[in-house]
>>> print(open('work-v9.json').read())   # JSON, C-alpha atoms
[["chain", "number", "residue", "atom", "x", "y", "z"],
["A", 1, "MET", "CA", 73.44, 68.92, 113.40],
["A", 2, "SER", "CA", 71.03, 69.34, 116.29],
["A", 3, "PRO", "CA", 70.35, 72.80, 117.76],
["A", 4, "ILE", "CA", 71.90, 71.75, 121.08],
["A", 5, "VAL", "CA", 75.16, 70.66, 119.46],
["A", 6, "ARG", "CA", 75.28, 73.78, 117.32],
["A", 7, "TYR", "CA", 74.79, 76.13, 120.27],
["A", 8, "GLU", "CA", 77.37, 74.32, 122.37],
["A", 9, "SER", "CA", 79.83, 74.59, 119.50],
["A", 10, "LEU", "CA", 79.24, 78.33, 119.14],
["A", 11, "LEU", "CA", 79.65, 78.93, 122.86],
["A", 12, "LYS", "CA", 83.22, 77.72, 122.50],
["A", 13, "MET", "CA", 83.95, 80.61, 120.17],
["A", 14, "SER", "CA", 85.82, 83.57, 121.69],
["A", 15, "SER", "CA", 83.56, 86.14, 120.02],
["A", 16, "LYS", "CA", 81.51, 88.39, 122.28],
["A", 17, "ASN", "CA", 80.29, 91.02, 119.82],
["A", 18, "LEU", "CA", 78.35, 90.89, 116.60],
["A", 19, "TYR", "CA", 78.92, 94.00, 114.49],
["A", 20, "ILE", "CA", 76.39, 94.48, 111.68],
["A", 21, "ASN", "CA", 75.94, 97.15, 109.04],
["A", 22, "GLY", "CA", 73.73, 97.45, 105.97],
["A", 23, "CYS", "CA", 70.58, 99.05, 104.57],
["A", 24, "SER", "CA", 66.88, 98.54, 105.32],
["A", 25, "TYR", "CA", 67.16, 94.85, 104.38],
["A", 26, "THR", "CA", 69.40, 94.63, 107.44],
["A", 27, "ALA", "CA", 67.94, 97.33, 109.68],
["A", 28, "GLY", "CA", 64.45, 95.87, 109.26],
["A", 29, "HIS", "CA", 61.45, 97.55, 107.69],
["A", 30, "GLU", "CA", 58.05, 97.66, 109.40],
["A", 31, "LEU", "CA", 59.11, 94.82, 111.70],
["A", 32, "GLU", "CA", 58.52, 94.80, 115.43],
["A", 33, "GLU", "CA", 61.51, 95.04, 117.76],
["A", 34, "GLY", "CA", 63.23, 91.71, 118.18],
["A", 35, "LEU", "CA", 62.18, 90.31, 114.79],
["A", 36, "THR", "CA", 64.95, 91.63, 112.53],
["A", 37, "TRP", "CA", 67.54, 89.10, 111.43],
["A", 38, "PRO", "CA", 70.45, 90.86, 113.23],
["A", 39, "GLU", "CA", 68.52, 90.61, 116.51],
["A", 40, "LEU", "CA", 67.61, 86.98, 115.88],
["A", 41, "LEU", "CA", 71.19, 86.14, 114.89],
["A", 42, "SER", "CA", 72.71, 87.77, 117.98],
["A", 43, "LYS", "CA", 70.38, 85.75, 120.20],
["A", 44, "LYS", "CA", 71.20, 82.50, 118.41],
["A", 45, "MET", "CA", 74.90, 83.17, 118.79],
["A", 46, "ASN", "CA", 74.69, 84.65, 122.28],
["A", 47, "LEU", "CA", 76.60, 87.75, 121.18],
["A", 48, "ASN", "CA", 76.27, 91.44, 122.00],
["A", 49, "LEU", "CA", 74.66, 93.15, 119.01],
["A", 50, "VAL", "CA", 76.04, 96.38, 117.54],
["A", 51, "ASN", "CA", 73.75, 97.09, 114.59],
["A", 52, "GLN", "CA", 74.62, 100.17, 112.55],
["A", 53, "ALA", "CA", 72.31, 99.47, 109.59],
["A", 54, "VAL", "CA", 70.00, 102.28, 108.47],
["A", 55, "ASN", "CA", 67.42, 102.69, 105.72],
["A", 56, "GLY", "CA", 68.77, 103.66, 102.32],
["A", 57, "ASN", "CA", 72.36, 103.02, 103.36],
["A", 58, "SER", "CA", 74.84, 103.28, 100.51],
["A", 59, "MET", "CA", 77.89, 101.07, 100.14],
["A", 60, "SER", "CA", 80.06, 104.16, 100.56],
["A", 61, "SER", "CA", 78.46, 104.86, 103.93],
["A", 62, "ILE", "CA", 78.59, 101.21, 105.02],
["A", 63, "MET", "CA", 82.29, 100.97, 104.17],
["A", 64, "TYR", "CA", 83.24, 104.34, 105.68],
["A", 65, "ASN", "CA", 81.34, 103.85, 108.93],
["A", 66, "SER", "CA", 82.30, 100.21, 109.39],
["A", 67, "VAL", "CA", 86.02, 100.89, 108.98],
["A", 68, "ASN", "CA", 85.87, 103.72, 111.52],
["A", 69, "HIS", "CA", 83.70, 101.78, 114.00],
["A", 70, "LEU", "CA", 85.67, 98.53, 113.82],
["A", 71, "GLN", "CA", 88.95, 100.25, 114.62],
["A", 72, "LYS", "CA", 87.54, 100.45, 118.15],
["A", 73, "PHE", "CA", 86.84, 96.71, 118.31],
["A", 74, "ASN", "CA", 89.10, 93.70, 118.70],
["A", 75, "SER", "CA", 88.89, 91.11, 115.94],
["A", 76, "ASP", "CA", 89.51, 88.38, 118.51],
["A", 77, "ASP", "CA", 86.11, 88.92, 120.10],
["A", 78, "THR", "CA", 84.01, 90.38, 117.28],
["A", 79, "LEU", "CA", 82.21, 88.79, 114.34],
["A", 80, "VAL", "CA", 81.21, 91.03, 111.43],
["A", 81, "VAL", "CA", 78.20, 90.71, 109.12],
["A", 82, "ILE", "CA", 77.72, 93.27, 106.35],
["A", 83, "GLY", "CA", 74.50, 93.48, 104.38],
["A", 84, "LEU", "CA", 75.48, 94.63, 100.90],
["A", 85, "THR", "CA", 73.30, 97.21, 99.21],
["A", 86, "TRP", "CA", 72.53, 98.61, 95.76],
["A", 87, "PRO", "CA", 74.71, 100.90, 93.60],
["A", 88, "SER", "CA", 72.33, 103.83, 93.05],
["A", 89, "ARG", "CA", 72.88, 105.42, 96.45],
["A", 90, "VAL", "CA", 75.10, 108.36, 97.31],
["A", 91, "VAL", "CA", 76.24, 110.02, 100.51],
["A", 92, "LEU", "CA", 76.36, 113.55, 101.83],
["A", 93, "GLN", "CA", 78.71, 114.02, 104.76],
["A", 94, "PHE", "CA", 77.85, 117.03, 106.90],
["A", 95, "ASP", "CA", 79.09, 117.81, 110.40],
["A", 96, "LYS", "CA", 79.21, 114.45, 112.24],
["A", 97, "PHE", "CA", 76.64, 112.73, 110.04],
["A", 98, "ILE", "CA", 76.23, 110.89, 106.79],
["A", 99, "THR", "CA", 72.94, 111.22, 104.90],
["A", 100, "ASN", "CA", 72.08, 108.67, 102.22],
["A", 101, "ILE", "CA", 70.18, 109.68, 99.09],
["A", 102, "THR", "CA", 68.77, 107.19, 96.59],
["A", 103, "ASN", "CA", 67.68, 107.31, 92.96],
["A", 104, "THR", "CA", 64.07, 106.89, 94.03],
["A", 105, "ASP", "CA", 64.30, 110.34, 95.61],
["A", 106, "VAL", "CA", 65.09, 111.96, 92.28],
["A", 107, "ILE", "CA", 63.68, 109.47, 89.80],
["A", 108, "LYS", "CA", 61.94, 112.24, 87.90],
["A", 109, "LYS", "CA", 63.08, 115.72, 87.15],
["A", 110, "ASN", "CA", 61.82, 118.19, 89.77],
["A", 111, "SER", "CA", 60.62, 115.35, 92.00],
["A", 112, "LYS", "CA", 60.46, 116.01, 95.72],
["A", 113, "VAL", "CA", 62.93, 114.44, 98.10],
["A", 114, "LYS", "CA", 61.44, 111.91, 100.49],
["A", 115, "LEU", "CA", 60.63, 113.15, 103.96],
["A", 116, "SER", "CA", 62.15, 110.02, 105.52],
["A", 117, "THR", "CA", 65.66, 111.44, 105.43],
["A", 118, "TRP", "CA", 66.21, 111.18, 109.16],
["A", 119, "ARG", "CA", 65.86, 107.41, 109.03],
["A", 120, "ARG", "CA", 68.94, 107.41, 106.79],
["A", 121, "ILE", "CA", 71.27, 109.29, 109.11],
["A", 122, "SER", "CA", 74.38, 107.47, 110.30],
["A", 123, "SER", "CA", 77.69, 108.52, 111.80],
["A", 124, "PRO", "CA", 81.29, 107.27, 111.79],
["A", 125, "TYR", "CA", 81.83, 108.84, 115.19],
["A", 126, "THR", "CA", 79.54, 106.88, 117.48],
["A", 127, "PHE", "CA", 77.70, 103.58, 117.99],
["A", 128, "ASN", "CA", 75.02, 104.70, 120.41],
["A", 129, "GLN", "CA", 71.69, 105.72, 118.83],
["A", 130, "GLU", "CA", 70.96, 108.03, 121.76],
["A", 131, "GLU", "CA", 74.19, 109.89, 121.03],
["A", 132, "ILE", "CA", 73.27, 110.19, 117.36],
["A", 133, "ASP", "CA", 69.82, 111.51, 118.29],
["A", 134, "TYR", "CA", 71.41, 114.02, 120.66],
["A", 135, "MET", "CA", 73.84, 115.24, 118.00],
["A", 136, "LYS", "CA", 70.99, 115.60, 115.53],
["A", 137, "SER", "CA", 69.14, 117.80, 118.01],
["A", 138, "LYS", "CA", 72.18, 120.11, 118.11],
["A", 139, "MET", "CA", 72.64, 120.28, 114.34],
["A", 140, "ASN", "CA", 72.29, 123.63, 112.61],
["A", 141, "ILE", "CA", 69.24, 122.66, 110.53],
["A", 142, "LYS", "CA", 69.28, 125.84, 108.45],
["A", 143, "LYS", "CA", 72.84, 125.21, 107.28],
["A", 144, "TYR", "CA", 72.20, 121.50, 106.81],
["A", 145, "ASN", "CA", 69.12, 122.09, 104.67],
["A", 146, "LYS", "CA", 71.00, 124.52, 102.45],
["A", 147, "VAL", "CA", 73.78, 122.01, 101.83],
["A", 148, "TYR", "CA", 71.36, 119.08, 101.53],
["A", 149, "ASN", "CA", 69.15, 120.78, 98.95],
["A", 150, "SER", "CA", 72.18, 121.84, 96.90],
["A", 151, "PHE", "CA", 73.45, 118.28, 96.98],
["A", 152, "VAL", "CA", 70.10, 116.91, 95.84],
["A", 153, "ASP", "CA", 70.07, 119.37, 92.94],
["A", 154, "TYR", "CA", 73.54, 118.16, 91.97],
["A", 155, "TYR", "CA", 72.42, 114.53, 92.13],
["A", 156, "LYS", "CA", 69.31, 115.23, 90.06],
["A", 157, "ASN", "CA", 71.51, 116.68, 87.33],
["A", 158, "LEU", "CA", 73.88, 113.72, 87.58],
["A", 159, "VAL", "CA", 71.02, 111.23, 87.15],
["A", 160, "GLU", "CA", 69.62, 113.21, 84.22],
["A", 161, "TYR", "CA", 72.78, 114.00, 82.28],
["A", 162, "ASP", "CA", 75.42, 111.35, 83.02],
["A", 163, "ASP", "CA", 74.99, 108.69, 80.33],
["A", 164, "ASN", "CA", 77.50, 106.50, 82.13],
["A", 165, "ILE", "CA", 75.91, 106.76, 85.57],
["A", 166, "ASP", "CA", 74.99, 103.08, 85.88],
["A", 167, "GLU", "CA", 78.53, 101.91, 85.18],
["A", 168, "ASN", "CA", 80.01, 104.58, 87.47],
["A", 169, "GLN", "CA", 77.71, 103.65, 90.34],
["A", 170, "MET", "CA", 78.42, 99.92, 89.94],
["A", 171, "LEU", "CA", 82.15, 100.61, 89.92],
["A", 172, "ASN", "CA", 81.78, 102.67, 93.08],
["A", 173, "LEU", "CA", 79.81, 99.88, 94.77],
["A", 174, "GLU", "CA", 82.37, 97.22, 93.88],
["A", 175, "THR", "CA", 85.27, 99.43, 94.95],
["A", 176, "ASN", "CA", 83.74, 100.05, 98.36],
["A", 177, "ILE", "CA", 83.07, 96.34, 98.89],
["A", 178, "LEU", "CA", 86.67, 95.54, 98.00],
["A", 179, "LEU", "CA", 87.99, 98.26, 100.31],
["A", 180, "LEU", "CA", 85.92, 96.95, 103.21],
["A", 181, "GLN", "CA", 86.91, 93.37, 102.40],
["A", 182, "SER", "CA", 90.59, 94.34, 102.45],
["A", 183, "PHE", "CA", 90.21, 96.08, 105.79],
["A", 184, "LEU", "CA", 88.43, 93.10, 107.36],
["A", 185, "LYS", "CA", 91.02, 90.62, 106.08],
["A", 186, "GLU", "CA", 93.97, 92.81, 107.05],
["A", 187, "ASN", "CA", 92.62, 93.10, 110.60],
["A", 188, "ASN", "CA", 91.75, 89.40, 110.86],
["A", 189, "TYR", "CA", 88.01, 89.81, 111.27],
["A", 190, "ASP", "CA", 85.79, 86.77, 110.81],
["A", 191, "TYR", "CA", 83.17, 88.22, 108.48],
["A", 192, "LYS", "CA", 80.32, 87.52, 106.09],
["A", 193, "PHE", "CA", 78.88, 89.61, 103.29],
["A", 194, "ILE", "CA", 75.14, 89.19, 102.71],
["A", 195, "SER", "CA", 73.90, 89.80, 99.17],
["A", 196, "TRP", "CA", 70.47, 90.11, 97.58],
["A", 197, "ALA", "CA", 71.74, 91.50, 94.26],
["A", 198, "PRO", "CA", 72.45, 89.19, 91.27],
["A", 199, "SER", "CA", 75.38, 91.37, 90.22],
["A", 200, "ILE", "CA", 77.19, 90.41, 93.44],
["A", 201, "HIS", "CA", 76.23, 86.76, 93.87],
["A", 202, "ASN", "CA", 78.85, 85.17, 91.62],
["A", 203, "ASN", "CA", 81.45, 87.90, 91.49],
["A", 204, "PRO", "CA", 84.79, 86.14, 92.16],
["A", 205, "LYS", "CA", 86.34, 89.32, 93.57],
["A", 206, "PHE", "CA", 84.22, 89.13, 96.71],
["A", 207, "GLU", "CA", 84.84, 86.56, 99.43],
["A", 208, "ASN", "CA", 82.63, 85.11, 102.17],
["A", 209, "VAL", "CA", 79.42, 86.10, 100.39],
["A", 210, "ILE", "CA", 76.10, 84.53, 101.39],
["A", 211, "SER", "CA", 73.62, 85.07, 98.57],
["A", 212, "PHE", "CA", 69.82, 85.13, 98.66],
["A", 213, "ASP", "CA", 68.53, 84.75, 95.13],
["A", 214, "LYS", "CA", 65.28, 85.45, 93.28],
["A", 215, "SER", "CA", 63.62, 82.23, 94.45],
["A", 216, "TRP", "CA", 64.34, 83.25, 98.04],
["A", 217, "LYS", "CA", 62.84, 86.69, 97.42],
["A", 218, "ASN", "CA", 59.71, 85.16, 95.92],
["A", 219, "LYS", "CA", 59.17, 83.30, 99.16],
["A", 220, "PHE", "CA", 60.39, 85.67, 101.85],
["A", 221, "VAL", "CA", 59.96, 89.28, 100.60],
["A", 222, "ASP", "CA", 56.80, 91.29, 101.34],
["A", 223, "TYR", "CA", 54.87, 93.99, 99.46],
["A", 224, "THR", "CA", 57.43, 96.63, 100.52],
["A", 225, "SER", "CA", 60.21, 94.58, 98.87],
["A", 226, "HIS", "CA", 61.75, 93.80, 102.26],
["A", 227, "PRO", "CA", 62.27, 90.55, 104.17],
["A", 228, "THR", "CA", 59.24, 89.29, 106.09],
["A", 229, "LYS", "CA", 59.36, 87.99, 109.65],
["A", 230, "GLU", "CA", 59.82, 84.49, 108.24],
["A", 231, "GLY", "CA", 62.47, 85.83, 105.86],
["A", 232, "CYS", "CA", 64.45, 87.29, 108.76],
["A", 233, "GLU", "CA", 64.25, 83.99, 110.60],
["A", 234, "ASN", "CA", 65.60, 82.24, 107.51],
["A", 235, "ILE", "CA", 68.41, 84.77, 107.03],
["A", 236, "SER", "CA", 69.51, 84.44, 110.65],
["A", 237, "GLU", "CA", 69.52, 80.65, 110.38],
["A", 238, "VAL", "CA", 71.56, 80.61, 107.16],
["A", 239, "ILE", "CA", 74.16, 83.01, 108.54],
["A", 240, "TYR", "CA", 74.24, 81.11, 111.82],
["A", 241, "ASP", "CA", 74.98, 77.89, 109.96],
["A", 242, "SER", "CA", 77.70, 79.56, 107.86],
["A", 243, "PHE", "CA", 79.66, 80.60, 110.94],
["A", 244, "ASN", "CA", 79.36, 77.13, 112.45],
["A", 245, "ARG", "CA", 80.52, 74.97, 109.53]]
>>> encode(input="work-v9.json", output="structure tokens")
Amino acid sequence: MSPIVRYESLLKMSSKNLYINGCSYTAGHELEEGLTWPELLSKKMNLNLVNQAVNGNSMSSIMYNSVNHLQKFNSDDTLVVIGLTWPSRVVLQFDKFITNITNTDVIKKNSKVKLSTWRRISSPYTFNQEEIDYMKSKMNIKKYNKVYNSFVDYYKNLVEYDDNIDENQMLNLETNILLLQSFLKENNYDYKFISWAPSIHNNPKFENVISFDKSWKNKFVDYTSHPTKEGCENISEVIYDSFNR
């Protein structure tokens, strides 16, 4: 199908918004503005982009925020694309924010928590990044740090002592995907799940999954283990095609 025909076909669609959520694979990592695949996809589809992806996003956070955000949208004029993430991520909800913490933060006993925490802040209450930044400026940092550090200590102990942690985290990931899938179907959203994890690719419980396998990663992932500029172009094209079949 030629690009002209494809674009004309998409323009007939009633959708006006493109809602996206996910982790750094979706938010973009060390890419210039305009080069992430959500930005490229929204331009291809001529849709208003609402991108709520943040670094280190957990599936719990993605599900929780997406369900709360999408209640304010109309499924008749909104497409949804969710970048699935990895199981070893947990959330701390404090005030109006959600902070995501990963295993890499506490991989070793007594390891220090990364200082990139603020890149992982999201919120179920708002879409506008300026609003989130404003709320962060009003946060009681002393109280937040006390809670945050206690939570990290708890998670360190969980990683160290729970012999069943891998199975528990995978179960949590799958449950959150299924909950989000049920919400999207119940509310008649046209949606796609984007997966880079082998454990998700062929799981029959999940519907509308677009998978990018190891061979794709070998070609389109950089030294930071994130999609390159060319990788983002490829992702946007594959998703674009999937909506226009």
>>> closest_residue(input="work-v9.json", among="A:Thr36, A:Gln129, A:Asn145, A:Asn176", to="Ser61 in chain A", atoms="all atoms listed in the file")
A:Asn176
>>> atom_distance(input="work-v9.json", atom1="CA of Ile210 in chain A", atom2="CA of Ile165 in chain A")
27.3 Å
>>> closest_residue(input="work-v9.json", among="A:Ser75, A:Ser182, A:Asn51, A:Ser215", to="Ser122 in chain A", atoms="all atoms listed in the file")
A:Asn51
>>> residues_around(input="work-v9.json", residues="Trp216 in chain A", least_positions_apart="4", cutoff="12 Å", atoms="only C-alpha atoms", output="ChimeraX atom specification")
/A:195-197,211-212,220-222,226-228,230-232,234-235,238
>>> residues_around(input="work-v9.json", residues="range 89-98 of chain A", least_positions_apart="3", cutoff="10 Å", atoms="all atoms listed in the file", output="PyMOL selection string")
chain A and resi 56-61+64-65+85-86+101-105+120-126+132+135-136+139-140+143-144+147-148+151-152+155+169+172-173
>>> atom_distance(input="work-v9.json", atom1="CA of Leu79 in chain A", atom2="CA of Ile20 in chain A")
8.6 Å
>>> axis_aligned_box(input="work-v9.json", around="range 200-214 of chain A", padding_each_side="5 Å", output="JSON")
{"center_x": 75.8, "center_y": 87.5, "center_z": 96.8, "size_x": 31.1, "size_y": 15.9, "size_z": 20.7}
>>> atom_distance(input="work-v9.json", atom1="CA of Tyr19 in chain A", atom2="CA of Ile62 in chain A")
11.9 Å
>>> closest_residue(input="work-v9.json", among="A:Val159, A:Ser137, A:Glu167, A:Leu84", to="His201 in chain A", atoms="all atoms listed in the file")
A:Leu84
